[in-house]
Number of protein chains: 4
Amino acid sequence: MADLFWPGDERAALAFDPGSFLETMVEVEDVWLNVLVEAGVAPAGARADLDGLVSGADLERVAGAAEASGNPVVPLLSLLRERLAPTNAEAATWLHRGLTSQDVLDTAVVLCGRATTALVLSHLDRSVSALERLARRHRDDVMAGRTLTQHAVPITFGLKAAHWLQGLLDARDDLRALRFPVQVGGAAGTLAATVELAGDVDAAQFLVAETARILHLDNASPWHTTRTPLTRYADALVHATDAMGHLANDVLLLARPEIAELAEPAVDGRGGSSTMPQKANPVLSVLIRRAAFAAPGLNAQLHLAAAATVDERPDGSWHTEWSALAALSRHTVTAASQTAELLEGLHVDTARMAALVKQHGSAFTAEQRSIAELLDREATSDPRHYLGAAGEIIDEVLSRTDDHDQEEQ
Amino acid sequence: MADLFWPGDERAALAFDPGSFLETMVEVEDVWLNVLVEAGVAPAGARADLDGLVSGADLERVAGAAEASGNPVVPLLSLLRERLAPTNAEAATWLHRGLTSQDVLDTAVVLCGRATTALVLSHLDRSVSALERLARRHRDDVMAGRTLTQHAVPITFGLKAAHWLQGLLDARDDLRALRFPVQVGGAAGTLAATVELAGDVDAAQFLVAETARILHLDNASPWHTTRTPLTRYADALVHATDAMGHLANDVLLLARPEIAELAEPAVDGRGGSSTMPQKANPVLSVLIRRAAFAAPGLNAQLHLAAAATVDERPDGSWHTEWSALAALSRHTVTAASQTAELLEGLHVDTARMAALVKQHGSAFTAEQRSIAELLDREATSDPRHYLGAAGEIIDEVLSRTDDHDQEEQ
Amino acid sequence: MADLFWPGDERAALAFDPGSFLETMVEVEDVWLNVLVEAGVAPAGARADLDGLVSGADLERVAGAAEASGNPVVPLLSLLRERLAPTNAEAATWLHRGLTSQDVLDTAVVLCGRATTALVLSHLDRSVSALERLARRHRDDVMAGRTLTQHAVPITFGLKAAHWLQGLLDARDDLRALRFPVQVGGAAGTLAATVELAGDVDAAQFLVAETARILHLDNASPWHTTRTPLTRYADALVHATDAMGHLANDVLLLARPEIAELAEPAVDGRGGSSTMPQKANPVLSVLIRRAAFAAPGLNAQLHLAAAATVDERPDGSWHTEWSALAALSRHTVTAASQTAELLEGLHVDTARMAALVKQHGSAFTAEQRSIAELLDREATSDPRHYLGAAGEIIDEVLSRTDDHDQEEQ
Amino acid sequence: MADLFWPGDERAALAFDPGSFLETMVEVEDVWLNVLVEAGVAPAGARADLDGLVSGADLERVAGAAEASGNPVVPLLSLLRERLAPTNAEAATWLHRGLTSQDVLDTAVVLCGRATTALVLSHLDRSVSALERLARRHRDDVMAGRTLTQHAVPITFGLKAAHWLQGLLDARDDLRALRFPVQVGGAAGTLAATVELAGDVDAAQFLVAETARILHLDNASPWHTTRTPLTRYADALVHATDAMGHLANDVLLLARPEIAELAEPAVDGRGGSSTMPQKANPVLSVLIRRAAFAAPGLNAQLHLAAAATVDERPDGSWHTEWSALAALSRHTVTAASQTAELLEGLHVDTARMAALVKQHGSAFTAEQRSIAELLDREATSDPRHYLGAAGEIIDEVLSRTDDHDQEEQ
């Protein structure tokens with residue numbers, strides 16, 4: 001979806017884009033209908049292939065009519081029935097039987113959330129690899145450690161890379177731990193219509209399990225009013241934007257001309273200004289930061305919705321989830337892609353790092369001198385000899401990625 | 001923009017929709033270019049009509065290229081220059097001279113904010129009129145007053161309508177007080193390029209004033225890093241969604257079948273369920289509540305951006321404003337339109353209100369009895385005689401709308 | 001801490017209360033100092049028992065002086081040294097050697113977070129037990145299912161209790177999964193001072209591990225700029241307030257006099273009004289909802305802080321965590337205690353539930369009738385025969401608590 | 001209130017501190033009681049001076065008992081009656097007659113909000129004066145203009161000070177425009193009990209007006225469910241923290257050792273580290289930024305509460321306002337005081353500014369060279385000649401403070 005307000009958005013074919021989301025809802029109806037047929041609940045004549053029956057071209061009509069029912073499922077069903085009826089009246093009759101709107105929309109949201117998670121993870125994997133390389137390569141490259149904006153004690157750039165990596169690994173763990181449950185509960189979460197259709201509870205629950213299996217989702221009790229699957233998803237995305245925002249801040253600072261220790265990858269035509277010919281703006285980091293600013297509030301919107309749930313299906317809190325989920329997903333995927341590109345091409349000026357430490361040398365050894373005095377030892381005047389356990393800390397963080405690689409084998 | 005996640009969105013041709021926003025940016029460039037020509041700064045040959053030179057069909061290209069510069073102005077300029085060059089090379093040369101990307105984008109945002117404000121105000125005006133009628137008509141219609149969910153003392157439905165009205169009038173005051181300033185500061189907010197082009201400061205400032213005049217905006221000093229125009233705009237929208245959310249909560253409660261004092265306007269096909277034939281869901285109120293949940297967090301995103309400003313133009317906080325402004329504007333316009341429709345057609349069941357008060361009568365007079373005891377008076381057992389200053393409070397609130405009507409004459 | 005704005009707060013001796021937090025920081029300094037001595041890094045004469053050396057009576061002085069250094073650790077150290085010096089100069093000299101302020105404050109925060117988590121979990125366990133009982137007892141008690149505020153199909157109160165339980169179990173899982181890492185990194189997260197004092201990296205890392213072991217915390221690499229331990233903690237608390245808010249909404253609705261299916265436990269003097277003698281306000285639910293409104297925004301503040309991290313220790317984002325953590329913890333513990341009391345004493349009026357279903361009977365069977373028509377079966381007119389898999393869904397949710405109980409054995 | 005998590009808090013005797021708030025509630029009860037007596041509604045014997053009857057020493061008891069009624073007014077009344085009864089039974093009887101808890105608490109909140117506003121304004125006035133001086137003194141002192149972190153075109157430090165000033169002036173306008181209305185509505189906002197006591201509506205409304213007059217508040221219709229007075233107050237505070245956060249960001253950046261153009265005022269013992277003897281941390285700016293991070297989310301909490309209002313007095317949204325108002329007020333007052341001190345003592349190194357511009361000179365004139373080429377003029381190589389309208393923009397901003405000073409005369 002071309003949107004001027006989302007630079008970089010074209011990086012990802014987003015599952016939550018309206019066209020794609022429409023198709024996902026059709027997929028859910030398709031699977032359910034054919035599960036009904038397969039199980040002998042619906043007659044064989046109701047078998048149908050809904051794929052392609054409704055497409056992006058119908059978006060305007062479905063979206064336009066969504067207000068009348070408060071959600072887009074009802075107009076989607078009208079459209080599907082209208083197109084099925086001439087050739088397959090039985091499918092038109094059996095379509096959606098047993099489901100409620102929220103079943104279809106929630107399951108489609110979960111499918112799109114899963115696709116988004118996979119996309120974010122693939123970008124994070126690239127970033128993790130890039131940071132592993134940076135942490136190893138710069139294990140001993142000394143640079144200024146800065147705290148509360150002022151020079152503190154020396155660190156290495158490898159250590160900084162390892163700290164960035166730590167955040168990304170935490171986010172990756174959270175994303176990998178996500179579960180994606182199907183939603184089939186019927187009108188009030190009792191599966192009453194499905195039991196009625198299938199004849200008994202076991203048969204009804206089998207239909208749900210089959211739907212989950214075919215969609216590669218977890219089988220689950222209805223969660224119409226327990227929104228944990230969505231709030232955990234949102235939490236995990238925010239952990240990713242937190243970690244990406246953190247490293248983007250460092251890049252933006254260290255790429256300032258007065259510091260000039262880092263630079264974004266140079267790409268022709270990127271970072272130009274509309275008026276200043278000399279400019280090379282650190283555009284990737286700027287756009288990553290944008291996502292990090294937006295994500296926590298969007299997550300809060302989802303938690304507020306979860307906490308505002310009432311009745312068997314709620315009166316507005318459900319409806320406020322959608323735009324927040326779409327925006328949060330969009331921000332995170334785009335930023336994850338930009339972060340991978342940033343880290344894969346990051347320019348590290350170790351000579352400049354060393355020069356800055358040398359220039360401000362005595363500040364960096366002040367703590368060491370006070371300890372030397374305490375211990376009655378000789379003080380060092382070389383910041384490179386005051387790196388503590390920097391290397392070992394890098395190794396510890398790197399071991400988290402190794403462990404994982406071994407686990408996966 | 002057809003979006004499944006925004007039911008009701010088709011109610012408003014939104015200024016912040018990508019296509020419309022693109023055209024607004026072109027308008028800003030057009031006005032500036034022709035002001036340069038008119039003032040003799042640019043040569044007469046540079047005069048051009050940019051209107052229609054770039055359209056919705058170019059959206060994908062501009063949006064797609066926006067990442068390289070971090071904003072859509074640079075690719076828009078490339079496209080405009082590409083199309084101007086063959087027939088009007090001078091216009092292509094003089095286009096955008098003196099401006100920076102943020103000037104164009106901020107001024108376009110302000111123009112869209114003004115259009116959105118006008119739209120919201122027109123809907124609020126309808127809601128204000130509807131509530132005036134309801135407050136007058138039901139001035140003496142007794143109903144249960146409820147506090148902390150429990151029956152308290154009696155009120156009238158007119159008083160409830162007056163309280164809803166109070167919130168809308170406050171929001172209307174805030175929206176009416178908004179100012180919409182032009183943004184022309186150049187690269188770092190000094191107008192250096194414009195002064196260079198125009199020859200001196202006075203001539204440069206005249207160009208800015210002319211641009212403001214033609215666009216019907218306030219003339220203003222650059223505000224690249226002082227985002228008050230946008231945060232005040234967002235504050236005013238949130239005051240509107242607060243007031244609308246409040247009344248939607250009351251409607252949703254009082255339209256519950258166990259209470260049944262209010263009902264949403266009945267419209268064929270609205271409020272239907274995908275599975276339950278008997279359902280008539282209060283869809284307007286549900287969708288209004290959705291906006292009220294989302295708006296405060298989007299406003300917070302804008303304030304966080306304002307507070308994160310640094311340098312002469314900031315590194316990410318500016319970029320995070322756009323999606324928040326668009327989403328907040330969209331939510332508010334749609335909810336304002338839905339609120340007007342809700343209030344214009346609201347069904348008020350005064351018989352049911354009276355019956356409920358009668359049924360629970362003694363609860364409603366308990367306070368009065370305790371005062372009667374204190375004063376050694378006779379207690380009333382009729383809640384209709386314990387309405388205090390309800391009528392006068394209604395009159396006070398109504399007087400705010402009268403005052404205004406007189407002012408406008 | 002007596003605070004008028006936090007009704008119910010006295011339910012919990014809160015780890016984040018200023019007095020308690022002060023003592024926790026002293027505990028961290030105490031353990032570190034004695035680990036240094038034990039390991040032979042500091043001389044035996046530096047051994048000291050700091051417990052009680054600084055107390056609540058010193059709060060004003062420490063808090064007052066905290067501004068000069070931006071955090072309370074520096075003035076706490078001055079005070080400790082001042083009191084140690086007369087009798088144990090060596091301890092005064094060796095106190096805090098190797099640490100930075102953030103090490104002490106972060107470790108104290110983690111200790112308080114762990115204590116808060118334990119408290120919340122103990123209340124959740126009570127709530128889980130209460131809901132298990134309610135779900136079992138009311139497995140077959142029919143009540144109105146409501147969706148988007150309107151009558152839908154019938155449910156049982158046991159099913160509603162099971163859905164509340166589902167949310168609490170999810171929150172409990174998240175809280176149980178939390179890890180509490182020690183923070184020892186020194187000035188810039190390299191452990192440089194500790195390595196200097198201990199002689200080599202292994203010896204330094206042993207000191208950290210010992211400190212973690214004694215405090216029952218996880219051993220960990222420094223996380224000065226990777227705030228996942230805190231954001232995951234906050235996420236877990238918000239999952240708890242989400243789940244509690246959800247059930248409080250239902251109680252508040254169903255305790256309305258027009259519905260009257262539930263009532264809060266009656267406690268003498270609770271729920272009274274300052275003016276209406278008849279009032280019995282559902283105070284527990286009201287106060288639980290308060291927490292659910294506040295928590296998501298406080299969590300967002302912590303994520304924004306995590307995402308705003310820069311340098312080796314950041315310039316303001318760290319400092320903004322404290323008040324958010326304290327407020328979020330306070331809200332959650334209080335609400336968890338109130339929720340346990342609410343659920344343990346919840347009054348369920350099954351006769352009223354049944355009567356309401358009977359009164360509005362035909363609405364509840366409309367869906368069933370439409371299916372009966374499809375299947376050419378006889379329609380039921382008794383909502384009690386249209387409960388679908390309600391019982392089995394209750395069993396599934398209950399099995400999550402059983403599983404767990406077995407695990408723990 | 002000594003709190004470790006609020007460094008700098010001792011700068012302000014805060015109106016929202018529990019002890020002070022308790023006294024303010026007593027003041028409201030006192031004024032109302034004596035207005036009843038004065039107007040002849042209560043007997044002369046009920047006249048009483050409540051001042052000092054309840055004090056900070058009673059905090060624990062009142063706060064502890066606040067849960068039972070959900071707010072602290074009911075236990076405060078018990079205590080007042082208990083202490084009045086022995087000597088003035090009539091006062092005990094007439095106390096609070098006509099009011100509801102929310103009247104007392106809301107009016108007290110408004111009084112504390114007014115006191116906080118005055119305090120913030122007094123600090124802002126100091127900051128405005130300091131910035132006026134800085135803008136004038138450094139009108140022509142050239143420094144690097146930076147956009148998106150990179151060198152752009154030159155500015156003057158006076159211009160930067162003027163932009164900071166612009167934000168503070170906007171916030172000051174908003175704070176000055178605030179209105180502080182009394183809240184007297186009785187149980188359900190109808191003034192029923194007061195009308196009952198006073199005999200008629202006019203007499204009742206006179207009592208409200210008198211109360212407002214004595215407390216120096218605006219007379220107003222009840223606003224139990226229209227929370228604009230509080231959300232506007234919160235908006236204005238956030239505008240202040242936005243503006244202060246913005247300037248703190250710039251100070252933190254420009255005080256970095258690699259840039260070193262600004263420095264915080266040097267105060268003995270401030271900015272020290274617990275481990276690094278050389279450190280002078282920019283503590284004021286760090287703490288100001290903390291407030292700027294926290295404020296937008298606290299404001300959102302208040303708007304969410306306003307939007308969640310339902311019934312004549314709501315079930316939790318009112319209760320969630322208090323901690324947000326107290327925290328937001330506290331953050332803003334403290335930051336305003338710190339900002340005033342920061343600006344009054346800010347060290348500006350104009351030589352360093354000039355040197356940096358000289359060192360990177362050609363970058364700063366690149367735009368000018370491209371315009372010179374367009375105009376076929378000679379390009380300048382001296383950034384000091386490319387300042388555009390910087391001086392005039394400073395004058396425009398300064399004129400806003402002059403206007404105001406004249407107004408006030």
# chains A, B, ... in the order shown; residues from 1 in each chain; ligands from 1
$ select_by_dssp --residues "segment 234-300 of chain B" --states "helix (DSSP H, G or I)" --output "MDAnalysis selection string"
chainID B and resid 234:254 283:300
$ interface_residues --of "chain A" --to "chain C" --cutoff "6 Å" --atoms "only C-alpha atoms" --output "JSON, numbers by chain"
{"A": [146, 147, 148, 167, 190, 191, 192, 195, 201, 226, 242, 245, 246, 249, 250, 296, 297, 300, 303, 306, 307, 308, 309, 310, 311, 312, 313, 314, 315, 387, 388, 389, 390]}
$ write_last_selection --atoms "N, CA, C and O atoms" --output "compact mmCIF listing (two decimals), in the first residue's frame"
# COMPACT_ATOMS: atom_id res chain seq x y z
N ARG A 146 31.09 6.13 26.96
CA ARG A 146 30.43 7.39 27.33
C ARG A 146 29.26 7.08 28.26
O ARG A 146 28.47 6.18 27.98
N THR A 147 29.13 7.81 29.32
CA THR A 147 27.98 7.62 30.21
C THR A 147 27.42 8.99 30.55
O THR A 147 28.16 9.94 30.79
N LEU A 148 26.10 9.07 30.54
CA LEU A 148 25.41 10.34 30.74
C LEU A 148 26.04 11.43 29.85
O LEU A 148 26.26 12.56 30.28
N GLY A 167 20.25 -7.13 22.90
CA GLY A 167 18.87 -6.67 22.76
C GLY A 167 18.15 -7.39 21.64
O GLY A 167 16.99 -7.81 21.78
N THR A 190 -19.13 -20.46 22.68
CA THR A 190 -19.52 -21.78 23.18
C THR A 190 -19.47 -22.85 22.11
O THR A 190 -19.74 -24.02 22.38
N LEU A 191 -19.19 -22.46 20.88
CA LEU A 191 -19.24 -23.40 19.75
C LEU A 191 -20.64 -23.98 19.54
O LEU A 191 -20.78 -25.05 18.92
N ALA A 192 -21.65 -23.27 20.03
CA ALA A 192 -23.01 -23.84 20.00
C ALA A 192 -23.46 -24.19 18.58
O ALA A 192 -23.97 -25.29 18.32
N VAL A 195 -21.55 -27.23 17.27
CA VAL A 195 -22.03 -28.47 17.88
C VAL A 195 -23.37 -28.86 17.26
O VAL A 195 -23.61 -30.03 16.94
N VAL A 201 -20.30 -32.59 20.61
CA VAL A 201 -19.15 -31.75 20.97
C VAL A 201 -17.86 -32.27 20.36
O VAL A 201 -17.06 -31.51 19.81
N THR A 226 -10.02 -12.95 25.84
CA THR A 226 -8.70 -13.11 26.48
C THR A 226 -7.67 -12.86 25.41
O THR A 226 -7.31 -13.74 24.66
N ASP A 242 12.45 -1.69 20.43
CA ASP A 242 13.30 -1.15 21.49
C ASP A 242 14.77 -1.39 21.16
O ASP A 242 15.60 -0.48 21.25
N GLY A 245 15.83 0.63 18.11
CA GLY A 245 15.91 2.05 18.44
C GLY A 245 17.20 2.36 19.19
O GLY A 245 17.88 3.35 18.92
N HIS A 246 17.53 1.49 20.13
CA HIS A 246 18.75 1.67 20.92
C HIS A 246 19.98 1.76 20.02
O HIS A 246 20.78 2.70 20.11
N ASN A 249 20.09 4.95 17.90
CA ASN A 249 20.54 6.12 18.65
C ASN A 249 22.05 6.21 18.67
O ASN A 249 22.63 7.29 18.50
N ASP A 250 22.68 5.08 18.93
CA ASP A 250 24.15 5.07 18.98
C ASP A 250 24.74 5.42 17.62
O ASP A 250 25.69 6.19 17.53
N PRO A 296 5.78 1.70 21.33
CA PRO A 296 5.26 1.50 22.70
C PRO A 296 3.83 1.99 22.87
O PRO A 296 3.03 1.34 23.56
N GLY A 297 3.48 3.10 22.26
CA GLY A 297 2.11 3.61 22.38
C GLY A 297 1.10 2.73 21.67
O GLY A 297 -0.03 2.55 22.14
N ALA A 300 0.51 -0.12 23.88
CA ALA A 300 -0.37 0.28 24.99
C ALA A 300 -1.83 0.28 24.56
O ALA A 300 -2.72 -0.11 25.31
N HIS A 303 -3.04 -3.24 24.81
CA HIS A 303 -3.26 -3.68 26.19
C HIS A 303 -4.51 -3.00 26.77
O HIS A 303 -5.28 -3.64 27.49
N ALA A 306 -7.32 -4.92 25.52
CA ALA A 306 -7.44 -6.20 26.22
C ALA A 306 -8.08 -6.00 27.59
O ALA A 306 -8.92 -6.80 28.02
N ALA A 307 -7.69 -4.93 28.26
CA ALA A 307 -8.19 -4.67 29.62
C ALA A 307 -9.61 -4.13 29.60
O ALA A 307 -10.29 -4.14 30.62
N ALA A 308 -10.07 -3.62 28.46
CA ALA A 308 -11.42 -3.04 28.38
C ALA A 308 -12.46 -4.06 27.92
O ALA A 308 -13.63 -3.73 27.76
N THR A 309 -12.02 -5.28 27.73
CA THR A 309 -12.94 -6.34 27.29
C THR A 309 -14.08 -6.52 28.29
O THR A 309 -13.88 -6.43 29.49
N VAL A 310 -15.27 -6.77 27.76
CA VAL A 310 -16.44 -7.00 28.61
C VAL A 310 -17.39 -7.88 27.80
O VAL A 310 -17.27 -7.97 26.58
N ASP A 311 -18.31 -8.54 28.47
CA ASP A 311 -19.26 -9.43 27.79
C ASP A 311 -18.53 -10.60 27.11
O ASP A 311 -17.36 -10.84 27.37
N GLU A 312 -19.25 -11.28 26.21
CA GLU A 312 -18.63 -12.42 25.52
C GLU A 312 -17.86 -11.98 24.28
O GLU A 312 -16.99 -12.70 23.77
N ARG A 313 -18.22 -10.82 23.75
CA ARG A 313 -17.41 -10.17 22.71
C ARG A 313 -17.64 -8.68 22.87
O ARG A 313 -18.78 -8.23 22.98
N PRO A 314 -16.58 -7.88 22.90
CA PRO A 314 -16.70 -6.53 23.45
C PRO A 314 -17.12 -5.46 22.44
O PRO A 314 -17.11 -5.68 21.23
N ASP A 315 -17.43 -4.32 22.99
CA ASP A 315 -18.12 -3.24 22.28
C ASP A 315 -17.21 -2.07 21.92
O ASP A 315 -17.47 -0.92 22.29
N LEU A 387 40.54 -2.23 30.01
CA LEU A 387 39.34 -2.71 29.31
C LEU A 387 38.57 -3.77 30.09
O LEU A 387 37.54 -4.26 29.62
N GLY A 388 39.05 -4.10 31.28
CA GLY A 388 38.31 -5.04 32.12
C GLY A 388 38.00 -6.33 31.41
O GLY A 388 38.88 -6.92 30.75
N ALA A 389 36.76 -6.77 31.52
CA ALA A 389 36.33 -8.04 30.96
C ALA A 389 35.62 -7.86 29.63
O ALA A 389 34.81 -8.71 29.23
N ALA A 390 35.93 -6.78 28.93
CA ALA A 390 35.18 -6.48 27.70
C ALA A 390 35.16 -7.69 26.76
O ALA A 390 34.10 -8.08 26.24
$ select_by_dssp --residues "segment 161-359 of chain C" --states "strand (DSSP E or B)" --output "list of chain:residue names"
C:Pro181, C:Asp218, C:Leu262, C:Ala263, C:Arg313, C:His347, C:Val348
$ residues_around --residues "segment 53-65 of chain C" --least-positions-apart "6" --cutoff "6 Å" --atoms "only C-alpha atoms" --output "PDB file with C-alpha atoms, in the first residue's frame"
ATOM      1  CA  GLY C  19      12.061   3.192  52.800  1.00  0.00           C
ATOM      2  CA  PRO C  75      24.224  10.421  48.673  1.00  0.00           C
ATOM      3  CA  LEU C  76      23.568   6.988  50.142  1.00  0.00           C
TER       4      LEU C  76
ATOM      5  CA  ALA D   2      10.845  12.155  50.298  1.00  0.00           C
ATOM      6  CA  ASP D   3      11.028   9.776  47.410  1.00  0.00           C
ATOM      7  CA  LEU D   4      14.203   8.242  46.073  1.00  0.00           C
ATOM      8  CA  GLU D  10      12.532  18.759  47.156  1.00  0.00           C
TER       9      GLU D  10
END
$ residues_around --residues "Leu105 of chain D" --least-positions-apart "3" --cutoff "9 Å" --atoms "only C-alpha atoms" --output "JSON, numbers by chain"
{"D": [24, 25, 28, 71, 72, 73, 100, 101, 102, 108, 109, 110, 183]}
$ residues_around --residues "segment 269-272 of chain A" --least-positions-apart "3" --cutoff "10 Å" --atoms "only C-alpha atoms" --output "ChimeraX atom specification"
/A:264-266,275-284 /B:65-71,74 /D:148
$ residues_around --residues "Asn34 of chain B" --least-positions-apart "3" --cutoff "9 Å" --atoms "only C-alpha atoms" --output "PDB file with N, CA, C and O atoms, in the first residue's frame"
ATOM      1  N   GLU B  29       4.402  23.681  -3.248  1.00  0.00           N
ATOM      2  CA  GLU B  29       5.495  23.998  -4.174  1.00  0.00           C
ATOM      3  C   GLU B  29       5.014  24.993  -5.237  1.00  0.00           C
ATOM      4  O   GLU B  29       5.751  25.910  -5.633  1.00  0.00           O
ATOM      5  N   ASP B  30       3.809  24.783  -5.703  1.00  0.00           N
ATOM      6  CA  ASP B  30       3.225  25.660  -6.728  1.00  0.00           C
ATOM      7  C   ASP B  30       3.133  27.097  -6.226  1.00  0.00           C
ATOM      8  O   ASP B  30       3.545  28.045  -6.908  1.00  0.00           O
ATOM      9  N   VAL B  31       2.586  27.268  -5.046  1.00  0.00           N
ATOM     10  CA  VAL B  31       2.417  28.622  -4.517  1.00  0.00           C
ATOM     11  C   VAL B  31       3.772  29.292  -4.328  1.00  0.00           C
ATOM     12  O   VAL B  31       3.976  30.450  -4.708  1.00  0.00           O
ATOM     13  N   VAL B  37       8.205  34.060  -8.595  1.00  0.00           N
ATOM     14  CA  VAL B  37       8.075  34.720  -9.897  1.00  0.00           C
ATOM     15  C   VAL B  37       7.403  36.083  -9.742  1.00  0.00           C
ATOM     16  O   VAL B  37       7.892  37.113 -10.220  1.00  0.00           O
ATOM     17  N   GLU B  38       6.281  36.078  -9.044  1.00  0.00           N
ATOM     18  CA  GLU B  38       5.489  37.288  -8.852  1.00  0.00           C
ATOM     19  C   GLU B  38       6.330  38.412  -8.257  1.00  0.00           C
ATOM     20  O   GLU B  38       6.192  39.582  -8.617  1.00  0.00           O
ATOM     21  N   ALA B  39       7.199  38.029  -7.311  1.00  0.00           N
ATOM     22  CA  ALA B  39       8.019  39.027  -6.618  1.00  0.00           C
ATOM     23  C   ALA B  39       9.256  39.408  -7.421  1.00  0.00           C
ATOM     24  O   ALA B  39      10.056  40.232  -6.978  1.00  0.00           O
ATOM     25  N   ALA B  42      12.371  35.029  -9.054  1.00  0.00           N
ATOM     26  CA  ALA B  42      12.613  34.097 -10.151  1.00  0.00           C
ATOM     27  C   ALA B  42      12.186  34.786 -11.460  1.00  0.00           C
ATOM     28  O   ALA B  42      11.325  35.669 -11.449  1.00  0.00           O
ATOM     29  N   ALA B  46       9.805  31.213 -15.312  1.00  0.00           N
ATOM     30  CA  ALA B  46       9.704  30.094 -14.370  1.00  0.00           C
ATOM     31  C   ALA B  46       8.286  29.894 -13.878  1.00  0.00           C
ATOM     32  O   ALA B  46       7.996  28.951 -13.144  1.00  0.00           O
ATOM     33  N   ARG B  47       7.401  30.814 -14.279  1.00  0.00           N
ATOM     34  CA  ARG B  47       6.004  30.670 -13.869  1.00  0.00           C
ATOM     35  C   ARG B  47       5.468  29.325 -14.388  1.00  0.00           C
ATOM     36  O   ARG B  47       5.731  28.941 -15.521  1.00  0.00           O
ATOM     37  N   ALA B  48       4.734  28.637 -13.532  1.00  0.00           N
ATOM     38  CA  ALA B  48       4.222  27.333 -13.958  1.00  0.00           C
ATOM     39  C   ALA B  48       2.992  26.980 -13.152  1.00  0.00           C
ATOM     40  O   ALA B  48       2.808  27.472 -12.035  1.00  0.00           O
ATOM     41  N   ASP B  49       2.162  26.155 -13.749  1.00  0.00           N
ATOM     42  CA  ASP B  49       1.019  25.639 -13.012  1.00  0.00           C
ATOM     43  C   ASP B  49       1.289  24.164 -12.717  1.00  0.00           C
ATOM     44  O   ASP B  49       1.235  23.324 -13.609  1.00  0.00           O
TER      45      ASP B  49
END
$ residues_around --residues "Ser381 of chain D" --least-positions-apart "3" --cutoff "8 Å" --atoms "only C-alpha atoms" --output "list in words"
Gly361, Ser362 and Thr365 of chain D
$ write_last_selection --atoms "N, CA and C atoms" --output "PDB file, in the first residue's frame"
ATOM      1  N   GLY D 361      34.088  24.558   7.693  1.00  0.00           N
ATOM      2  CA  GLY D 361      33.532  25.681   6.961  1.00  0.00           C
ATOM      3  C   GLY D 361      32.854  25.374   5.646  1.00  0.00           C
ATOM      4  N   SER D 362      33.470  24.598   4.809  1.00  0.00           N
ATOM      5  CA  SER D 362      32.938  24.474   3.454  1.00  0.00           C
ATOM      6  C   SER D 362      31.574  23.767   3.449  1.00  0.00           C
ATOM      7  N   THR D 365      28.710  26.255   3.708  1.00  0.00           N
ATOM      8  CA  THR D 365      28.422  27.190   2.630  1.00  0.00           C
ATOM      9  C   THR D 365      28.054  26.491   1.322  1.00  0.00           C
TER      10      THR D 365
END
$ atom_distance --atom1 "atom CA of Phe5 of chain A" --atom2 "atom CA of Ser323 of chain A"
14.9 Å
$ closest_residue --among "B:Val208, B:Ala135, B:Val182, B:Ala198" --to "Ala161 of chain B" --atoms "only C-alpha atoms"
B:Ala135
$ closest_residue --among "C:Ala89, C:Leu14, C:Leu124, C:Met143" --to "Val357 of chain C" --atoms "only C-alpha atoms"
C:Met143
